[in-house]
Structure formats: C-alpha cells, structure tokens
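Presented below is the structure to which this report refers.
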Amino acid sequence: DDMLDVPEPPENFPIARAMWHYSRGVALAAKGKVNYAREEQKTFRDAVRKVPEDATFGNNKAVDLLATFMLKLCRANTNSWFATETPFT
C-alpha cells in the first residue's frame, strides 16, 4: 500500500519514473488488482522508451536493467499478455 501512495517522480527523471511504474505494477499485482497492474505495465513500457539509450544506472545500461524489470513485472502478472511480447519494441 505504501508504494501506491508515493508520488510520481518529475519528467526530468526518466529512470526514476520507469522504476516507479514498475514498483506500482508489482504492488498492484500483489494486491490482486491484475487489470490495474496490466495498465501499469503499459505505462512502464512507455516510460522506458523515454529513457535515453546511453543512460546508465550504476555500471549498467539503464535500458538493460529496466528490461529485467519488465520480465519480473510480467511474472508478477502471470496471466499478462505482455509476458509473450518483446519488452520494448
């Protein structure tokens, strides 16, 4: 519940915004709100597209890290049709 109360980061923090949508998706899936979690997946995917390709997070390319988050979010929503799609095409 706490994660769902956290405000969305500003647009000039694209990595943080993407991670925020990921966290909301997992929280919603955990609460059994699968339809809302799927909507959050879509928003997460759109947010990842706004992350510059050369952005890094620690020693990793941010897009690579966020791709692993997409897979985890798909697992959280086991019935999600996103689970069969390429994450960011």
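Residues are named by chain letter and number: chains run A, B, ... in the order of the structure tokens, numbers start at 1 in each chain, and ligands are numbered from 1 in the order shown.
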
Alpha helix (DSSP H) per DSSP on the backbone: members of chain A, as number ranges by chain: A: 2-5, 14-30, 34-49, 62-76

For stretch 16-30 of chain A, please output as a short mmCIF file (atom, residue, chain, number, x, y, z; two decimals) with C-alpha atoms, in the first residue's frame all residues within 7 Å (counting only C-alpha atoms; exclusion window: fewer than 3 positions along the same chain).
```cif
data_model
loop_
_atom_site.label_atom_id
_atom_site.label_comp_id
_atom_site.auth_asym_id
_atom_site.auth_seq_id
_atom_site.Cartn_x
_atom_site.Cartn_y
_atom_site.Cartn_z
CA MET A 3 4.21 2.21 -2.75
CA LEU A 4 0.86 3.17 -4.18
CA GLU A 8 5.28 10.08 -9.38
CA PRO A 9 8.78 11.50 -9.96
CA PHE A 13 13.97 11.80 -14.04
CA LYS A 33 -5.59 -5.94 -8.95
CA VAL A 34 -4.43 -7.56 -12.17
CA TYR A 36 -4.67 -2.18 -12.92
CA ALA A 37 -1.29 -3.92 -12.85
CA GLU A 40 0.78 -0.04 -15.12
CA GLN A 41 2.83 -2.44 -17.27
CA THR A 43 2.74 2.78 -18.69
CA PHE A 44 6.06 1.31 -17.52
CA ALA A 47 8.23 5.26 -19.63
CA VAL A 48 11.18 3.02 -20.52
CA PHE A 69 12.29 -5.27 -14.51
CA LEU A 73 6.66 -7.48 -13.83
CA ALA A 76 4.07 -10.79 -11.27
CA ASN A 77 1.15 -10.73 -13.70
#
```

Which is closest to A:Ala62 among A:Lys50, A:Ile15, A:Asp2, A:Asn35, if we use only C-alpha atoms? A:Ile15

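Straight-line separation from atom CA of A:Glu53 to atom CA of A:Pro7: 25.2 Å.
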
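Each of A:Asp5, A:Pro14, A:Gly32, A:Glu39 was compared to A:Leu66 using only C-alpha atoms, and A:Pro14 turns out to be the nearest.
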
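A straight line drawn from atom CA of A:Asp1 to atom CA of A:Cys74 is 20.0 Å long.
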